[in-house]
>>> print(open('my_file27.txt').read())   # compact mmCIF, C-alpha atoms
# COMPACT_ATOMS: atom_id res chain seq x y z
CA MET A 524 -8.22 3.95 -1.02
CA PRO A 525 -5.03 3.92 1.02
CA ALA A 526 -1.76 5.03 -0.51
CA GLY A 527 0.15 1.86 0.34
CA THR A 528 -0.13 -1.72 -0.81
CA SER A 529 -0.87 -3.48 2.49
CA TYR A 530 -4.48 -3.79 3.50
CA THR A 531 -4.27 -5.10 7.04
CA PHE A 532 -3.41 -3.50 10.38
CA LYS A 533 -2.13 -6.70 12.00
CA ASP A 534 -1.19 -5.53 15.48
CA GLY A 535 -3.84 -6.86 17.87
CA MET A 536 -5.88 -8.51 15.14
CA LEU A 537 -5.45 -12.10 16.37
CA SER A 538 -6.48 -13.33 19.83
CA GLU A 539 -3.82 -14.45 22.29
CA LYS A 540 -5.56 -17.73 23.09
CA MET A 541 -6.94 -20.71 21.27
CA VAL A 542 -9.89 -22.06 23.19
CA LYS A 543 -11.01 -25.68 23.17
CA CYS A 544 -14.80 -25.71 23.28
CA THR A 545 -17.75 -28.00 22.79
CA ASP A 546 -20.95 -27.10 20.95
CA ALA A 547 -23.74 -27.45 23.53
CA GLN A 548 -26.20 -28.75 20.94
CA THR A 549 -24.12 -31.08 18.79
CA LYS A 550 -21.42 -31.96 21.35
CA GLU A 551 -18.81 -31.46 18.62
CA THR A 552 -15.42 -30.21 19.79
CA TYR A 553 -13.67 -27.29 18.12
CA TYR A 554 -10.78 -24.95 18.68
CA ARG A 555 -11.68 -21.28 18.59
CA ILE A 556 -9.60 -18.22 17.82
CA GLY A 557 -10.71 -14.59 17.73
CA ILE A 558 -10.00 -12.21 14.84
CA LYS A 559 -10.78 -8.50 14.86
CA ASN A 560 -11.72 -6.76 11.63
CA GLN A 561 -8.65 -4.60 11.13
CA PHE A 562 -8.65 -4.39 7.36
CA LEU A 563 -8.02 -0.80 6.36
CA HIS A 564 -11.42 -0.32 4.82
CA ALA A 565 -12.97 -2.26 7.61
CA VAL A 566 -16.60 -2.89 6.83
CA HIS A 567 -17.53 -5.58 4.39
CA PRO A 568 -20.13 -8.19 3.67
CA ILE A 569 -18.69 -11.55 4.61
CA GLY A 570 -18.75 -12.51 0.92
CA TRP A 571 -15.84 -10.15 0.29
CA ILE A 572 -13.73 -12.98 1.73
CA LYS A 573 -13.29 -15.55 -1.00
CA LYS A 574 -11.33 -18.05 1.01
CA LEU A 575 -10.42 -18.53 4.67
CA GLU A 576 -7.55 -20.88 5.55
CA ILE A 577 -6.15 -21.99 8.89
CA GLU A 578 -2.78 -23.57 9.52
CA LEU A 579 -1.97 -25.11 12.88
CA ASP A 580 1.76 -25.64 13.48
CA GLY A 581 2.32 -25.44 9.75
CA GLU A 582 -0.35 -28.00 8.89
CA ALA A 583 -3.40 -26.90 6.89
CA VAL A 584 -6.81 -27.54 8.46
CA ASP A 585 -9.30 -29.09 6.04
CA GLU A 586 -11.60 -26.30 4.73
CA LYS A 587 -14.72 -28.33 5.53
CA ASN A 588 -13.73 -28.18 9.20
CA ILE A 589 -13.47 -24.37 9.35
CA TYR A 590 -16.31 -22.02 10.33
CA PHE A 591 -16.41 -18.24 10.49
CA VAL A 592 -18.70 -17.18 13.34
CA LEU A 593 -20.07 -13.67 13.61
CA ARG A 594 -22.49 -12.60 16.34
CA GLY A 595 -23.22 -16.25 17.02
CA GLN A 596 -23.98 -17.12 13.40
CA TRP A 597 -21.94 -19.90 11.80
CA PHE A 598 -20.79 -19.65 8.20
CA ALA A 599 -19.01 -22.55 6.53
CA ALA A 600 -15.64 -21.27 5.28
CA SER A 601 -16.27 -22.82 1.89
CA LYS A 602 -19.47 -20.79 1.36
CA MET A 603 -18.55 -17.42 2.85
CA TYR A 604 -18.13 -15.91 -0.61
CA THR A 605 -21.92 -16.09 -1.10
CA ILE A 606 -22.89 -13.93 1.91
CA SER A 607 -23.88 -10.40 0.84
CA GLU A 608 -26.17 -9.27 3.64
CA VAL A 609 -24.20 -10.00 6.79
CA PHE A 610 -21.54 -7.40 7.52
CA TRP A 611 -18.35 -7.71 9.52
CA ASN A 612 -17.92 -4.30 11.13
CA LEU A 613 -14.82 -2.28 11.91
CA SER A 614 -12.91 -3.68 14.91
CA GLU A 615 -15.61 -6.27 15.52
CA GLU A 616 -14.29 -9.62 16.70
CA ALA A 617 -15.34 -12.69 14.77
CA GLN A 618 -14.46 -16.18 15.88
CA VAL A 619 -13.02 -18.88 13.69
CA TYR A 620 -13.88 -22.38 14.86
CA PHE A 621 -11.96 -25.31 13.46
CA ASP A 622 -11.58 -28.99 14.01
CA ALA A 623 -7.90 -29.80 13.72
CA GLY A 624 -8.68 -33.47 13.17
CA LYS A 625 -6.59 -34.42 16.16
CA GLU A 626 -6.15 -33.62 19.84
CA VAL A 627 -4.03 -30.54 20.36
CA SER A 628 -1.64 -30.62 23.30
CA GLY A 629 -1.49 -27.84 25.89
CA GLY A 630 0.94 -24.96 25.61
CA LYS A 631 1.56 -22.66 22.71
CA HIS A 632 0.88 -23.43 19.07
CA HIS A 633 1.53 -21.48 15.92
CA VAL A 634 -1.71 -20.45 14.20
CA LYS A 635 -1.86 -18.77 10.80
CA CYS A 636 -5.10 -17.40 9.41
CA THR A 637 -5.05 -16.48 5.72
CA PHE A 638 -7.71 -14.40 4.02
CA THR A 639 -8.16 -14.34 0.25
CA MET A 640 -10.22 -11.28 -0.66
CA SER A 641 -11.52 -9.67 -3.80
CA MET A 642 -9.86 -6.44 -4.87
CA LEU A 643 -13.32 -5.13 -5.57
CA GLU A 644 -13.56 -3.12 -2.35
CA ASP A 645 -17.29 -2.60 -2.31
CA THR A 646 -19.85 -2.96 0.43
CA GLN A 647 -22.84 -3.30 -1.89
CA VAL A 648 -21.69 -5.61 -4.67
CA LEU A 649 -19.85 -8.92 -4.50
CA ASP A 650 -17.41 -9.97 -7.18
CA LEU A 651 -19.31 -13.18 -7.84
CA LYS A 652 -17.83 -13.62 -11.32
CA CYS A 653 -14.28 -13.26 -9.95
CA GLN A 654 -13.51 -10.42 -12.37
CA TRP A 655 -11.01 -8.79 -9.98
CA PRO A 656 -7.68 -10.17 -8.82
CA PHE A 657 -7.46 -11.53 -5.30
CA ARG A 658 -5.55 -10.06 -2.40
CA VAL A 659 -4.04 -12.57 0.03
CA GLU A 660 -3.12 -11.44 3.54
CA PHE A 661 -2.58 -13.34 6.77
CA VAL A 662 -2.21 -12.91 10.50
CA ASP A 663 -0.34 -15.37 12.64
CA GLY A 664 0.93 -15.88 16.15
CA CYS A 665 1.75 -18.36 18.91
CA LEU A 666 -1.47 -18.91 20.81
CA GLU A 667 -1.90 -20.54 24.20
CA VAL A 668 -4.38 -23.40 24.26
CA CYS A 669 -6.96 -23.23 27.03
CA GLU A 670 -10.27 -24.83 27.93
CA GLU A 671 -13.50 -22.86 27.66
CA ASP A 672 -14.58 -21.24 30.90
CA ALA A 673 -17.37 -23.35 32.41
CA LYS A 674 -19.43 -20.16 32.93
CA MET B 594 -12.61 33.49 0.19
CA LYS B 595 -12.29 31.55 3.44
CA SER B 596 -11.48 27.93 4.16
CA THR B 597 -12.56 25.80 7.11
CA ILE B 598 -10.92 22.65 8.43
CA GLY B 599 -12.57 19.33 9.09
CA VAL B 600 -11.08 15.97 10.06
CA SER B 601 -12.00 12.65 8.57
CA SER B 602 -12.61 9.67 10.84
CA TRP B 603 -10.04 7.97 8.59
CA SER B 604 -7.33 10.14 10.19
CA LEU B 605 -7.95 8.49 13.55
CA GLN B 606 -9.05 4.99 12.55
CA GLN B 607 -5.76 3.65 13.91
CA LEU B 608 -7.14 4.37 17.39
CA SER B 609 -10.14 2.13 16.78
CA PHE B 610 -7.71 -0.71 16.12
CA THR B 611 -5.27 0.00 18.92
CA GLN B 612 -7.51 1.47 21.63
CA GLY B 613 -11.04 0.50 20.63
CA ALA B 614 -11.99 4.12 19.90
CA THR B 615 -15.63 4.46 18.86
CA ILE B 616 -16.93 7.09 16.47
CA GLU B 617 -18.17 9.06 19.49
CA ASP B 618 -14.62 9.00 20.90
CA ILE B 619 -13.30 10.21 17.56
CA ILE B 620 -15.87 13.02 17.41
CA CYS B 621 -14.72 14.19 20.87
CA MET B 622 -11.06 14.07 19.79
CA VAL B 623 -11.81 16.11 16.67
CA ALA B 624 -13.77 18.68 18.68
CA ASP B 625 -10.93 18.95 21.20
CA MET B 626 -8.32 19.58 18.52
CA GLY B 627 -10.19 22.66 17.35
CA ALA B 628 -11.38 21.54 13.93
CA GLU B 629 -14.59 23.04 12.61
CA GLY B 630 -15.96 19.85 11.16
CA ILE B 631 -15.94 16.06 11.11
CA ASP B 632 -16.20 13.74 8.14
CA ILE B 633 -17.48 10.26 8.79
CA CYS B 634 -16.51 7.28 6.64
CA GLU B 635 -18.78 4.37 5.81
CA GLU B 636 -16.96 2.21 8.39
CA TYR B 637 -18.50 4.27 11.18
CA ILE B 638 -21.95 4.89 9.71
CA PRO B 639 -24.71 2.62 11.00
CA CYS B 640 -25.96 1.76 7.53
CA HIS B 641 -25.42 -1.98 7.01
CA PRO B 642 -27.21 -4.03 5.93
CA GLN B 643 -29.86 -1.30 6.18
CA PRO B 644 -29.61 2.16 7.76
CA ASP B 645 -30.42 2.34 11.46
CA LEU B 646 -32.35 5.61 11.77
CA VAL B 647 -32.03 5.83 15.53
CA LYS B 648 -28.25 5.45 15.46
CA LEU B 649 -27.86 7.77 12.45
CA ARG B 650 -29.81 10.56 14.09
CA GLU B 651 -28.13 10.10 17.46
CA LEU B 652 -24.73 10.26 15.77
CA ARG B 653 -25.70 13.49 14.03
CA ARG B 654 -26.95 14.99 17.27
CA PHE B 655 -23.78 13.95 19.07
CA ALA B 656 -21.54 15.66 16.49
CA GLU B 657 -23.75 18.76 16.59
CA SER B 658 -23.58 18.81 20.40
CA LYS B 659 -19.81 19.13 20.03
CA HIS B 660 -20.35 22.10 17.71
CA LEU B 661 -18.93 20.25 14.74
CA GLU B 662 -20.15 20.71 11.23
CA LEU B 663 -20.78 17.46 9.37
CA GLY B 664 -18.52 17.75 6.33
CA ALA B 665 -18.98 14.78 4.06
CA THR B 666 -20.32 11.33 4.55
CA TRP B 667 -17.96 8.97 2.68
CA PHE B 668 -18.93 5.81 0.88
CA CYS B 669 -16.65 3.17 -0.65
CA THR B 670 -18.70 2.12 -3.67
CA GLU B 671 -16.82 3.23 -6.79
CA ILE B 672 -19.27 3.67 -9.60
CA GLY B 673 -17.36 2.21 -12.55
CA ASN B 674 -16.31 -0.90 -10.68
CA ALA B 675 -19.73 -1.40 -9.15
CA ILE B 676 -21.40 -1.15 -12.57
CA LYS B 677 -18.94 -3.72 -13.91
CA ALA B 678 -19.81 -6.10 -11.07
CA SER B 679 -23.58 -5.52 -11.28
CA ASP B 680 -25.33 -2.95 -13.48
CA GLU B 681 -26.07 0.75 -13.61
CA ALA B 682 -29.60 0.43 -12.21
CA HIS B 683 -28.32 -1.31 -9.09
CA VAL B 684 -25.59 1.27 -8.52
CA LEU B 685 -28.14 4.07 -8.89
CA GLU B 686 -30.17 2.46 -6.15
CA VAL B 687 -27.05 2.23 -3.99
CA TYR B 688 -26.33 5.95 -4.24
CA LYS B 689 -29.93 7.04 -3.91
CA LYS B 690 -29.90 5.26 -0.57
CA ASN B 691 -26.52 6.75 0.33
CA ILE B 692 -27.70 10.28 -0.55
CA ILE B 693 -30.55 9.90 1.91
CA ILE B 694 -28.17 8.56 4.56
CA ALA B 695 -25.90 11.58 4.04
CA ALA B 696 -28.92 13.88 4.29
CA GLU B 697 -30.01 12.20 7.54
CA MET B 698 -26.48 12.75 8.85
CA GLY B 699 -26.80 16.45 8.09
CA SER B 700 -23.73 16.36 5.87
CA LYS B 701 -22.77 19.19 3.55
CA PHE B 702 -21.60 16.68 0.92
CA ILE B 703 -21.67 13.04 -0.02
CA CYS B 704 -18.22 11.83 -1.04
CA ILE B 705 -17.87 9.19 -3.78
CA PRO B 706 -14.51 7.74 -4.87
CA MET B 707 -13.42 7.55 -8.51
CA LEU B 708 -11.15 4.99 -10.13
CA LEU B 709 -10.62 4.74 -13.86
CA ASN B 710 -10.88 1.32 -15.41
CA THR B 711 -8.27 1.86 -18.09
CA ARG B 712 -7.74 -1.85 -18.68
CA ASP B 713 -11.17 -2.45 -20.22
CA LYS B 714 -12.10 1.06 -21.35
CA THR B 715 -10.64 4.22 -22.80
CA TYR B 716 -10.70 7.50 -20.90
CA GLU B 717 -13.58 8.65 -23.13
CA GLN B 718 -15.57 5.47 -22.46
CA ASN B 719 -15.08 5.94 -18.71
CA LYS B 720 -16.31 9.52 -19.07
CA GLU B 721 -19.37 8.50 -21.08
CA GLU B 722 -20.30 5.88 -18.50
CA LEU B 723 -19.97 8.33 -15.61
CA ILE B 724 -21.85 11.12 -17.38
CA HIS B 725 -24.70 8.75 -18.16
CA TYR B 726 -24.77 7.66 -14.53
CA PHE B 727 -24.67 11.15 -13.01
CA GLU B 728 -27.28 12.49 -15.42
CA GLN B 729 -29.66 10.14 -13.64
CA LEU B 730 -28.34 10.63 -10.12
CA LEU B 731 -28.04 14.43 -10.03
CA PRO B 732 -31.80 15.16 -10.00
CA PHE B 733 -32.04 12.92 -6.94
CA ALA B 734 -29.12 14.72 -5.26
CA GLU B 735 -30.85 18.02 -5.99
CA LYS B 736 -34.14 16.73 -4.60
CA TYR B 737 -32.42 16.00 -1.28
CA ASN B 738 -30.13 19.04 -1.49
CA MET B 739 -27.04 16.87 -1.24
CA PRO B 740 -24.07 17.95 -3.37
CA ILE B 741 -21.92 15.10 -4.64
CA SER B 742 -18.20 15.43 -4.18
CA HIS B 743 -16.33 13.13 -6.54
CA GLU B 744 -13.00 12.21 -4.97
CA CYS B 745 -10.03 12.32 -7.35
CA ALA B 746 -6.98 10.64 -5.88
CA ARG B 747 -5.72 8.66 -8.84
CA GLU B 748 -4.01 9.53 -12.09
CA ARG B 749 -6.26 11.32 -14.62
CA THR B 750 -9.26 11.37 -12.29
CA PRO B 751 -8.97 15.12 -11.52
CA GLU B 752 -9.16 16.08 -15.18
CA LEU B 753 -12.07 13.72 -15.79
CA SER B 754 -14.00 15.04 -12.81
CA LEU B 755 -13.25 18.61 -13.88
CA GLU B 756 -14.57 17.90 -17.36
CA MET B 757 -17.74 16.51 -15.84
CA ALA B 758 -18.14 19.47 -13.49
CA LYS B 759 -17.95 21.83 -16.45
CA TYR B 760 -20.36 19.67 -18.41
CA PHE B 761 -22.97 19.49 -15.64
CA ASN B 762 -22.41 23.03 -14.36
CA SER B 763 -24.36 22.14 -11.23
CA LYS B 764 -23.64 22.71 -7.57
CA TYR B 765 -24.70 19.09 -7.07
CA TYR B 766 -21.69 17.70 -8.94
CA THR B 767 -18.37 18.93 -7.51
CA VAL B 768 -14.73 17.93 -7.89
CA CYS B 769 -13.00 16.71 -4.74
CA PRO B 770 -9.28 17.04 -5.40
CA ASP B 771 -7.45 14.56 -3.19
CA LEU B 772 -3.85 15.60 -2.59
CA GLU B 773 -2.72 12.06 -3.33
CA ALA B 774 -3.09 12.78 -7.06
CA TRP B 775 -0.53 15.61 -6.67
CA ARG B 776 1.99 13.71 -4.51
CA PHE B 777 5.68 13.95 -5.41
CA ASP B 778 7.98 11.01 -5.84
CA THR B 779 10.31 11.12 -2.79
CA PRO B 780 12.97 8.68 -1.51
CA ASP B 781 11.06 7.99 1.73
CA LEU B 782 7.68 7.52 0.03
CA PRO B 783 8.27 6.64 -3.62
CA LEU B 784 5.27 6.79 -5.90
CA GLY B 785 4.00 3.39 -6.87
CA PRO B 786 0.88 1.34 -7.38
CA HIS B 787 -1.90 1.68 -4.85
CA CYS B 788 -3.79 -0.68 -2.66
CA GLU B 789 -6.63 -1.31 -5.08
CA ASP B 790 -4.34 -2.30 -7.94
CA PRO B 791 -0.85 -3.43 -6.91
CA SER B 792 -0.02 -4.40 -10.50
CA ALA B 793 -0.51 -0.84 -11.80
CA GLY B 794 2.47 1.28 -12.80
CA LYS B 795 3.97 4.35 -11.19
CA PRO B 796 1.57 7.30 -11.45
CA THR B 797 2.47 10.74 -12.79
CA PRO B 798 1.53 13.53 -10.35
CA ALA B 799 -1.13 15.97 -11.53
CA SER B 800 -0.07 19.55 -12.24
CA MET B 801 -0.62 22.63 -10.11
CA ASP B 802 -2.32 24.27 -13.08
CA LEU B 803 -4.92 21.52 -12.93
CA PHE B 804 -5.36 22.04 -9.18
CA ARG B 805 -5.95 25.76 -9.74
CA GLU B 806 -8.39 25.01 -12.55
CA CYS B 807 -10.36 22.71 -10.23
CA MET B 808 -10.79 25.34 -7.52
CA PRO B 809 -14.06 26.96 -8.72
CA TYR B 810 -15.65 23.48 -8.80
CA SER B 811 -14.13 22.21 -5.53
CA PRO B 812 -15.85 23.46 -2.39
CA TYR B 813 -14.74 20.26 -0.65
CA ILE B 814 -11.09 19.13 -0.77
CA HIS B 815 -9.39 16.03 0.61
CA PHE B 816 -6.19 17.02 2.36
CA LYS B 817 -4.53 13.63 2.36
CA LEU B 818 -1.34 13.98 4.40
CA LEU B 819 1.15 11.19 4.98
CA SER B 820 4.20 12.20 6.94
CA LEU B 821 5.08 15.55 8.47
CA ASP B 822 8.74 16.38 9.05
CA GLU B 823 10.36 17.75 12.21
CA ASN B 824 9.43 21.28 11.15
CA GLY B 825 5.77 20.38 10.84
CA GLU B 826 5.82 20.56 7.04
CA GLU B 827 4.48 17.95 4.63
CA PRO B 828 7.24 17.55 2.01
CA HIS B 829 5.36 15.04 -0.15
CA PHE B 830 2.88 17.53 -1.60
CA PRO B 831 3.08 21.09 -2.99
CA ILE B 832 1.34 22.45 0.10
CA PRO B 833 2.39 26.14 -0.16
CA GLU B 834 1.22 26.35 -3.79
CA MET B 835 -2.03 24.53 -3.00
CA MET B 836 -2.81 26.71 -0.03
CA ASP B 837 -2.04 29.77 -2.11
CA ALA B 838 -4.57 28.58 -4.72
CA ILE B 839 -7.14 27.96 -1.96
CA ASN B 840 -6.49 31.34 -0.37
CA GLN B 841 -6.86 33.09 -3.73
CA SER B 842 -9.96 31.12 -4.73
CA ALA B 843 -13.24 32.81 -5.58
CA ILE B 844 -15.22 30.33 -3.48
CA ASP B 845 -15.14 29.04 0.10
CA HIS B 846 -13.51 25.64 0.68
CA TYR B 847 -13.91 22.95 3.31
CA LEU B 848 -10.57 21.21 3.79
CA CYS B 849 -10.90 17.68 5.09
CA VAL B 850 -7.76 16.43 6.81
CA GLU B 851 -7.16 12.86 5.79
CA TYR B 852 -4.05 11.90 7.77
CA GLU B 853 -2.95 8.52 6.46
CA GLY B 854 0.51 8.09 7.94
CA TRP B 855 -0.77 5.43 10.35
CA ILE B 856 -1.17 2.72 7.69
CA PRO B 857 1.25 -0.25 7.75
CA ASP B 858 3.23 1.00 4.72
CA ILE B 859 4.08 4.37 6.29
CA HIS B 860 4.33 5.06 10.05
CA PRO B 861 2.04 2.72 12.01
CA GLU B 862 4.17 3.45 15.09
CA ARG B 863 3.17 7.12 15.14
CA ASP B 864 0.21 8.38 17.16
CA SER B 865 -2.46 9.43 14.68
CA LEU B 866 -4.05 11.81 17.20
CA GLU B 867 -0.85 13.82 17.59
CA GLU B 868 -0.07 13.69 13.88
CA THR B 869 -3.57 14.86 12.96
CA LYS B 870 -3.18 17.83 15.32
CA ARG B 871 0.11 18.67 13.59
CA CYS B 872 -1.68 18.49 10.21
CA ILE B 873 -4.24 21.03 11.41
CA SER B 874 -1.49 23.31 12.72
CA MET B 875 0.28 23.16 9.38
CA ILE B 876 -2.84 24.10 7.42
CA ARG B 877 -3.66 26.92 9.86
CA ARG B 878 -0.19 28.41 9.25
CA TYR B 879 -0.97 28.64 5.54
CA GLN B 880 -4.57 29.82 5.82
CA LYS B 881 -5.19 33.39 4.76
CA GLY B 882 -5.86 35.79 7.59
>>> encode(input="my_file27.txt", output="structure tokens")
Amino acid sequence: MPAGTSYTFKDGMLSEKMVKCTDAQTKETYYRIGIKNQFLHAVHPIGWIKKLEIELDGEAVDEKNIYFVLRGQWFAASKMYTISEVFWNLSEEAQVYFDAGKEVSGGKHHVKCTFTMSMLEDTQVLDLKCQWPFRVEFVDGCLEVCEEDAK
Amino acid sequence: MKSTIGVSSWSLQQLSFTQGATIEDIICMVADMGAEGIDICEEYIPCHPQPDLVKLRELRRFAESKHLELGATWFCTEIGNAIKASDEAHVLEVYKKNIIIAAEMGSKFICIPMLLNTRDKTYEQNKEELIHYFEQLLPFAEKYNMPISHECARERTPELSLEMAKYFNSKYYTVCPDLEAWRFDTPDLPLGPHCEDPSAGKPTPASMDLFRECMPYSPYIHFKLLSLDENGEEPHFPIPEMMDAINQSAIDHYLCVEYEGWIPDIHPERDSLEETKRCISMIRRYQKG
């Protein structure tokens, strides 16, 4: 375990762009940001993350409209805490897709992504009974909105 | 007896975040800096959700091709906490699997962290739980010829591990003193609670007498180093006394450099590659002969 109290190496963790994209199958529109796994002990089952929150320009996005996407697999933010057999690897980029509930104008927008994690730092056991305190850490930045590349 | 120097992938993990360094890149860096061994942490081991035999064996071959000894394979699962969250049987299965992964990697040791749960249990209860656990795991470690190195970085863990080493009297249960348990309180890096328990109090550093007493049971040592000064010395630990104890020891030791100054709380702006090289130079200056 590291000597300090911070658990996140934030530099370079958040993507520089927020991409507007449309699901080819459902035709639903989302905004997508990229997040690299730069937690200090950086391999975990997704269920280590108890809660995932997104704020866009200071306004919270409804949890039911947030998805954590890893290697093309979509996990509802509200149920991530149950996932014990899918691992987010060191430095691997996951995408967070969210529906802001409104059209987002072009230009830069402030995005804050907050992770609530169990202090049980274990790759093999989830703290399903919430016996350990939570650690809350965030990354944020001003991200440029762009459209998904047609390719 | 002699000591050899290895480097943990943890020392250079900063470069994975800032430059996308892979474990193969890190192995090359460690070979180039003249270390004798490499220690690979769970983050870099292809073992989730199940071990990938092809990748494990290729990783081993790659390290061997660079003439590096595989020191320890490190895992994050702390036994007491894992038992609390599940049960002993499950945690035995976890470490049986991890022992085989370490054996596939060709490691000299498997490294397991220790934390004491002093909120729910007394020191003696923690000891009883761990002894019961290791009584079942040690025959498996012996079967696969994989010595366990129990990392002691937190207050009172070195004495507990030492008690267990004496109790088991087996080469398959060894104490891994981590220098963090001996760190001084200094103005630049005051002692305080650690990452896994920010509400804990300020720890009391372990004594040099305890470090010396651990030596016969500690073939593998974690040289956690945080911040070297302009003279290339590490003023946060009693390095000269520790190296003297290692040099005078009756057994050989593998010293694993665990440079940790790159974390956000210390010096994230420093280059972990250069700092790790300085750590090796410092240890070499103190090595006997």
>>> closest_atom_pairs(input="my_file27.txt", of="chain A", to="chain B", cutoff="12 Å", atoms="all atoms listed in the file", output="Markdown table")
| residue | atom | partner | partner_atom | distance |
| --- | --- | --- | --- | --- |
| A:Met524 | CA | B:Cys788 | CA | 6.6 |
| A:Pro525 | CA | B:Cys788 | CA | 6.0 |
| A:Ala526 | CA | B:His787 | CA | 5.5 |
| A:Gly527 | CA | B:Asp858 | CA | 5.4 |
| A:Thr528 | CA | B:Cys788 | CA | 4.2 |
| A:Ser529 | CA | B:Asp858 | CA | 6.5 |
| A:Tyr530 | CA | B:Cys788 | CA | 6.9 |
| A:Thr531 | CA | B:Pro857 | CA | 7.4 |
| A:Phe532 | CA | B:Pro857 | CA | 6.3 |
| A:Lys533 | CA | B:Pro857 | CA | 8.4 |
| A:Asp534 | CA | B:Thr611 | CA | 7.7 |
| A:Gly535 | CA | B:Thr611 | CA | 7.1 |
| A:Met536 | CA | B:Phe610 | CA | 8.1 |
| A:Leu537 | CA | B:Phe610 | CA | 11.6 |
| A:Ile558 | CA | B:Phe610 | CA | 11.8 |
| A:Lys559 | CA | B:Phe610 | CA | 8.5 |
| A:Asn560 | CA | B:Phe610 | CA | 8.5 |
| A:Gln561 | CA | B:Phe610 | CA | 6.4 |
| A:Phe562 | CA | B:Phe610 | CA | 9.5 |
| A:Leu563 | CA | B:Ile856 | CA | 7.8 |
| A:His564 | CA | B:Glu636 | CA | 7.1 |
| A:Ala565 | CA | B:Glu636 | CA | 6.0 |
| A:Val566 | CA | B:Glu636 | CA | 5.3 |
| A:His567 | CA | B:Glu636 | CA | 8.8 |
| A:Pro568 | CA | B:Pro642 | CA | 8.5 |
| A:Ile569 | CA | B:Pro642 | CA | 11.4 |
| A:Ile606 | CA | B:Pro642 | CA | 11.5 |
| A:Ser607 | CA | B:Pro642 | CA | 8.8 |
| A:Glu608 | CA | B:Pro642 | CA | 5.8 |
| A:Val609 | CA | B:Pro642 | CA | 6.7 |
| A:Phe610 | CA | B:His641 | CA | 6.7 |
| A:Trp611 | CA | B:His641 | CA | 9.4 |
| A:Asn612 | CA | B:Glu636 | CA | 7.1 |
| A:Leu613 | CA | B:Glu636 | CA | 6.1 |
| A:Ser614 | CA | B:Phe610 | CA | 6.1 |
| A:Glu615 | CA | B:Gly613 | CA | 9.6 |
| A:Glu616 | CA | B:Phe610 | CA | 11.1 |
| A:Met640 | CA | B:Glu789 | CA | 11.5 |
| A:Ser641 | CA | B:Glu789 | CA | 9.8 |
| A:Met642 | CA | B:Glu789 | CA | 6.1 |
| A:Leu643 | CA | B:Asn674 | CA | 7.3 |
| A:Glu644 | CA | B:Cys669 | CA | 7.2 |
| A:Asp645 | CA | B:Thr670 | CA | 5.1 |
| A:Thr646 | CA | B:Thr670 | CA | 6.6 |
| A:Gln647 | CA | B:Thr670 | CA | 7.0 |
| A:Val648 | CA | B:Ala675 | CA | 6.5 |
| A:Leu649 | CA | B:Ala678 | CA | 7.1 |
| A:Asp650 | CA | B:Ala678 | CA | 6.0 |
| A:Leu651 | CA | B:Ala678 | CA | 7.8 |
| A:Lys652 | CA | B:Ala678 | CA | 7.8 |
| A:Cys653 | CA | B:Ala678 | CA | 9.1 |
| A:Gln654 | CA | B:Ala678 | CA | 7.7 |
| A:Trp655 | CA | B:Ala678 | CA | 9.3 |
| A:Pro656 | CA | B:Asp790 | CA | 8.6 |
| A:Phe657 | CA | B:Asp790 | CA | 10.1 |
| A:Arg658 | CA | B:Glu789 | CA | 9.2 |
| A:Val659 | CA | B:Pro791 | CA | 11.9 |
>>> axis_aligned_box(input="my_file27.txt", around="stretch 583-598 of chain A", padding_each_side="3 Å", output="JSON")
{"center_x": -13.7, "center_y": -20.8, "center_z": 10.9, "size_x": 26.6, "size_y": 22.5, "size_z": 18.3}
>>> atom_distance(input="my_file27.txt", atom1="atom CA of A:Thr637", atom2="atom CA of B:Arg863")
26.7 Å
>>> atom_distance(input="my_file27.txt", atom1="atom CA of B:Glu752", atom2="atom CA of B:Leu803")
7.3 Å
>>> residues_around(input="my_file27.txt", residues="A:Glu578", least_positions_apart="3", cutoff="7 Å", atoms="all atoms listed in the file", output="list in words")
Gly581, Glu582, Ala583, Val584, Val634, Lys635 and Cys636 of chain A
>>> closest_residue(input="my_file27.txt", among="B:Leu755, B:Leu709, B:Ala665, B:Leu685", to="B:Ser742", atoms="all atoms listed in the file")
B:Ala665
>>> atom_distance(input="my_file27.txt", atom1="atom CA of B:Pro732", atom2="atom CA of B:Leu646")
23.8 Å
>>> residues_near_point(input="my_file27.txt", point="(-8.4, 31.1, -6.7)", cutoff="9 Å", atoms="all atoms listed in the file", output="PDB file with C-alpha atoms, in the coordinates of the input")
ATOM      1  CA  MET B 594     -12.610  33.490   0.190  1.00  0.00           C
ATOM      2  CA  ARG B 805      -5.950  25.760  -9.740  1.00  0.00           C
ATOM      3  CA  GLU B 806      -8.390  25.010 -12.550  1.00  0.00           C
ATOM      4  CA  MET B 808     -10.790  25.340  -7.520  1.00  0.00           C
ATOM      5  CA  PRO B 809     -14.060  26.960  -8.720  1.00  0.00           C
ATOM      6  CA  ASP B 837      -2.040  29.770  -2.110  1.00  0.00           C
ATOM      7  CA  ALA B 838      -4.570  28.580  -4.720  1.00  0.00           C
ATOM      8  CA  ILE B 839      -7.140  27.960  -1.960  1.00  0.00           C
ATOM      9  CA  ASN B 840      -6.490  31.340  -0.370  1.00  0.00           C
ATOM     10  CA  GLN B 841      -6.860  33.090  -3.730  1.00  0.00           C
ATOM     11  CA  SER B 842      -9.960  31.120  -4.730  1.00  0.00           C
ATOM     12  CA  ALA B 843     -13.240  32.810  -5.580  1.00  0.00           C
ATOM     13  CA  ILE B 844     -15.220  30.330  -3.480  1.00  0.00           C
TER      14      ILE B 844
END
